[in-house]
Each structure stands twice: as structure tokens, then as C-alpha cells.
file query.csv (CSV, C-alpha atoms)
chain,number,residue,atom,x,y,z
E,282,MET,CA,-30.1,37.0,-14.5
E,283,PRO,CA,-31.8,33.7,-15.1
E,284,SER,CA,-35.5,33.7,-15.2
E,285,LYS,CA,-37.6,31.3,-13.1
E,286,THR,CA,-38.6,29.3,-16.2
E,287,GLU,CA,-35.1,28.4,-17.3
E,288,PRO,CA,-33.8,25.2,-15.9
E,289,LYS,CA,-30.7,25.3,-13.6
E,290,LYS,CA,-27.4,24.1,-15.1
E,291,LEU,CA,-26.2,21.0,-13.5
E,292,VAL,CA,-22.5,21.0,-12.4
E,293,LYS,CA,-20.8,17.7,-12.4
E,294,LYS,CA,-18.3,17.2,-9.6
E,295,ALA,CA,-15.0,15.6,-10.5
E,296,THR,CA,-14.5,12.0,-9.5
E,297,ILE,CA,-11.4,10.0,-9.1
E,298,GLY,CA,-11.6,8.7,-12.7
E,299,ASP,CA,-12.0,12.2,-14.1
E,300,SER,CA,-9.0,13.5,-12.4
E,301,ARG,CA,-6.7,10.9,-14.0
E,302,LYS,CA,-7.8,12.1,-17.5
E,303,GLY,CA,-6.0,15.4,-16.9
E,304,GLN,CA,-2.6,13.8,-16.1
E,305,GLU,CA,-1.3,12.8,-19.5
E,306,ASP,CA,2.3,13.0,-18.3
E,307,VAL,CA,1.8,9.9,-16.1
E,308,LYS,CA,2.2,7.0,-18.5
E,309,GLN,CA,2.9,4.0,-16.3
E,310,ARG,CA,2.5,3.2,-12.6
E,311,ILE,CA,4.0,0.4,-10.5
E,312,ARG,CA,2.1,-0.2,-7.3
E,313,ILE,CA,4.1,-2.1,-4.6
E,314,LYS,CA,2.3,-3.5,-1.6
E,315,ILE,CA,4.5,-4.8,1.2
E,316,LYS,CA,3.4,-7.0,4.1
E,317,SER,CA,5.3,-8.2,7.2
E,318,TYR,CA,4.7,-9.3,10.8
E,319,ASP,CA,7.6,-7.1,12.0
E,320,HIS,CA,7.2,-3.3,11.6
E,321,GLN,CA,11.0,-2.7,11.9
E,322,VAL,CA,11.8,-5.1,9.0
E,323,ILE,CA,9.1,-3.6,6.8
E,324,ASP,CA,10.3,0.0,7.5
E,325,SER,CA,13.9,-0.9,6.6
E,326,SER,CA,12.7,-2.6,3.4
E,327,VAL,CA,10.6,0.4,2.4
E,328,ARG,CA,13.6,2.6,3.0
E,329,GLN,CA,15.7,0.4,0.7
E,330,ILE,CA,13.1,0.5,-2.0
E,331,MET,CA,12.8,4.3,-1.7
E,332,ASP,CA,16.5,4.8,-1.9
E,333,THR,CA,16.6,2.7,-5.1
E,334,VAL,CA,13.8,4.7,-6.7
E,335,MET,CA,15.2,8.1,-5.8
E,336,ARG,CA,18.6,7.1,-7.2
E,337,HIS,CA,17.0,6.3,-10.6
E,338,GLY,CA,15.0,9.6,-10.6
E,339,ALA,CA,11.4,8.3,-10.9
E,340,ASP,CA,8.4,10.0,-9.3
E,341,ILE,CA,7.3,8.3,-6.1
E,342,HIS,CA,4.3,8.5,-3.8
E,343,GLY,CA,4.5,6.8,-0.4
E,344,PRO,CA,5.1,4.9,1.7
E,345,VAL,CA,1.5,5.0,2.7
E,346,PRO,CA,0.9,3.0,5.9
E,347,LEU,CA,-2.2,0.8,5.5
E,348,PRO,CA,-4.2,-0.4,8.5
E,349,THR,CA,-2.6,-3.2,10.5
E,350,GLU,CA,-4.5,-6.4,10.2
E,351,ILE,CA,-4.9,-8.0,13.7
E,352,SER,CA,-6.1,-11.6,14.1
E,353,LYS,CA,-6.8,-12.7,17.6
E,354,TYR,CA,-7.0,-16.3,18.8
E,355,THR,CA,-8.4,-17.6,22.1
E,356,VAL,CA,-7.5,-21.2,23.1
E,357,ASN,CA,-8.2,-23.3,26.2
E,358,ARG,CA,-5.1,-23.9,28.4
E,359,SER,CA,-6.2,-27.3,29.4
E,360,THR,CA,-7.6,-30.0,27.1
E,361,PHE,CA,-10.7,-31.0,29.0
E,362,VAL,CA,-12.1,-29.5,32.2
E,363,HIS,CA,-10.9,-26.0,33.0
E,364,LYS,CA,-13.0,-23.8,30.7
E,365,ASP,CA,-12.1,-20.6,32.6
E,366,ALA,CA,-8.4,-21.0,31.9
E,367,ARG,CA,-7.7,-19.5,28.5
E,368,GLU,CA,-4.9,-17.9,26.6
E,369,GLN,CA,-5.1,-15.2,24.0
E,370,PHE,CA,-2.8,-14.8,21.0
E,371,GLU,CA,-2.7,-12.3,18.2
E,372,THR,CA,-0.8,-11.8,14.9
E,373,ARG,CA,-0.3,-8.4,13.4
E,374,VAL,CA,0.3,-7.9,9.7
E,375,HIS,CA,1.8,-4.5,8.9
E,376,LYS,CA,1.2,-3.1,5.4
E,377,ARG,CA,2.7,-0.3,3.3
E,378,LEU,CA,1.9,0.9,-0.2
E,379,ILE,CA,4.3,2.6,-2.6
E,380,ASP,CA,3.4,4.0,-6.0
E,381,ILE,CA,6.2,4.6,-8.6
E,382,TYR,CA,5.3,6.8,-11.6
E,383,ASN,CA,7.1,6.7,-14.9
E,384,PRO,CA,9.6,4.0,-14.1
E,385,SER,CA,12.5,3.3,-16.4
E,386,SER,CA,13.7,-0.1,-17.4
E,387,GLN,CA,16.8,0.3,-15.4
E,388,LEU,CA,14.7,1.0,-12.3
E,389,ILE,CA,12.6,-2.1,-12.8
E,390,ASP,CA,15.8,-4.2,-13.1
E,391,ALA,CA,17.2,-2.6,-10.0
E,392,LEU,CA,14.0,-3.3,-8.1
E,393,MET,CA,14.1,-6.9,-9.2
E,394,ASP,CA,17.7,-7.3,-8.0
E,395,LEU,CA,17.0,-5.9,-4.5
E,396,ASN,CA,18.0,-8.2,-1.7
E,397,LEU,CA,15.2,-7.8,0.9
E,398,PRO,CA,15.2,-9.7,4.3
E,399,ALA,CA,13.1,-12.8,5.0
E,400,GLY,CA,9.6,-12.3,6.3
E,401,ILE,CA,8.6,-9.7,3.7
E,402,ASP,CA,5.8,-10.3,1.3
E,403,ILE,CA,5.9,-8.1,-1.8
E,404,GLU,CA,3.1,-7.7,-4.3
E,405,VAL,CA,3.9,-5.7,-7.5
E,406,LYS,CA,1.2,-4.5,-9.9
E,407,MET,CA,1.8,-2.6,-13.1

call {"tool": "encode", "arguments": {"input": "query.csv", "output": "C-alpha cells"}}
result
Amino acid sequence: MPSKTEPKKLVKKATIGDSRKGQEDVKQRIRIKIKSYDHQVIDSSVRQIMDTVMRHGADIHGPVPLPTEISKYTVNRSTFVHKDAREQFETRVHKRLIDIYNPSSQLIDALMDLNLPAGIDIEVKM
């Protein structure tokens, strides 16, 4: 039983950086960030990437849906007088995130050779 004069032991809580130290089997990670205006096109592209990764047997985490970025624009309908007549437009950018752990060189070549539809923006980080 600790006496009142002994200082209490401080317990350090694990942070995100500390948890990665215990995972020595993960050597490399590819992070794929996909953006598109059309949610159906982005879902079909993600499905195509997932099928390719599963076929090559790499560990995968995702797709994680990120928040949709919505930009709204309000413009006057007329050029000069009618201030009350306005139109509103918006653009939506849908985003997904995929992490691939321990990729092989064949998987990287297969991902580079994928034929994805137009309107997809892909950002790859290693």
C-alpha cells in the first residue's frame, strides 16, 4: 500500500504515434485519395481498385468515405436592376480514402495500369 509521502506513478496514455511502433509487420503503406463530382462513378472506381488489391492479396483498409465538400454559389438572374431575383448553384465533391498495406510490386504495376473513367481525381501517397 503506497504511503502518502510517495509520489503517484504517472501513466502515459498511448497516442497514435505510439501505436504504430508495435506494428512492425507493416512495412509500407499506399494511401489512395479519390475525388469526384459523381458519387456513382467514384463508387465504381473504388470497387475496381478493391478488386485489384484483393486479387493480389495485399491488406486493405477502406474505402473510408470522407466528408463531401459542398460549394454554394448565389448569382443574380438579371444583370442590373432585379436584386431579389437570384439563382443558387452548388457543386459537391465526393471523397474516398483507401489504405493498402504491404503492397507488392505486381500490385503497384496493376494499379498503375487500371483504366478508370473520366472525372476521377486520384492522389497516391507512399

call {"tool": "atom_distance", "arguments": {"input": "query.csv", "atom1": "CA of Ala399 in chain E", "atom2": "CA of Met331 in chain E"}}
result
18.4 Å

call {"tool": "atom_distance", "arguments": {"input": "query.csv", "atom1": "CA of His337 in chain E", "atom2": "CA of Asp402 in chain E"}}
result
23.3 Å

call {"tool": "atom_distance", "arguments": {"input": "query.csv", "atom1": "CA of Val405 in chain E", "atom2": "CA of Ile313 in chain E"}}
result
4.6 Å

call {"tool": "closest_residue", "arguments": {"input": "query.csv", "among": "E:Thr372, E:Asn383, E:Asn396, E:Gln329", "to": "Ser317 in chain E", "atoms": "all atoms listed in the file"}}
result
E:Thr372

call {"tool": "residues_around", "arguments": {"input": "query.csv", "residues": "Asp380 in chain E", "least_positions_apart": "4", "cutoff": "7 Å", "atoms": "only C-alpha atoms", "output": "list of chain:residue names"}}
result
E:Arg310, E:Ile311, E:Arg312, E:Ile313, E:Ile341, E:His342, E:Gly343

call {"tool": "closest_residue", "arguments": {"input": "query.csv", "among": "E:Thr333, E:Ile403, E:Ala339, E:Glu371", "to": "Gln309 in chain E", "atoms": "all atoms listed in the file"}}
result
E:Ala339

call {"tool": "residues_near_point", "arguments": {"input": "query.csv", "point": "(16.1, -1.3, -14.3)", "cutoff": "12 Å", "atoms": "all atoms listed in the file", "output": "list in words"}}
result
Thr333, Val334, Arg336, His337, Gly338, Ala339, Pro384, Ser385, Ser386, Gln387, Leu388, Ile389, Asp390, Ala391, Leu392, Met393, Asp394 and Leu395 of chain E
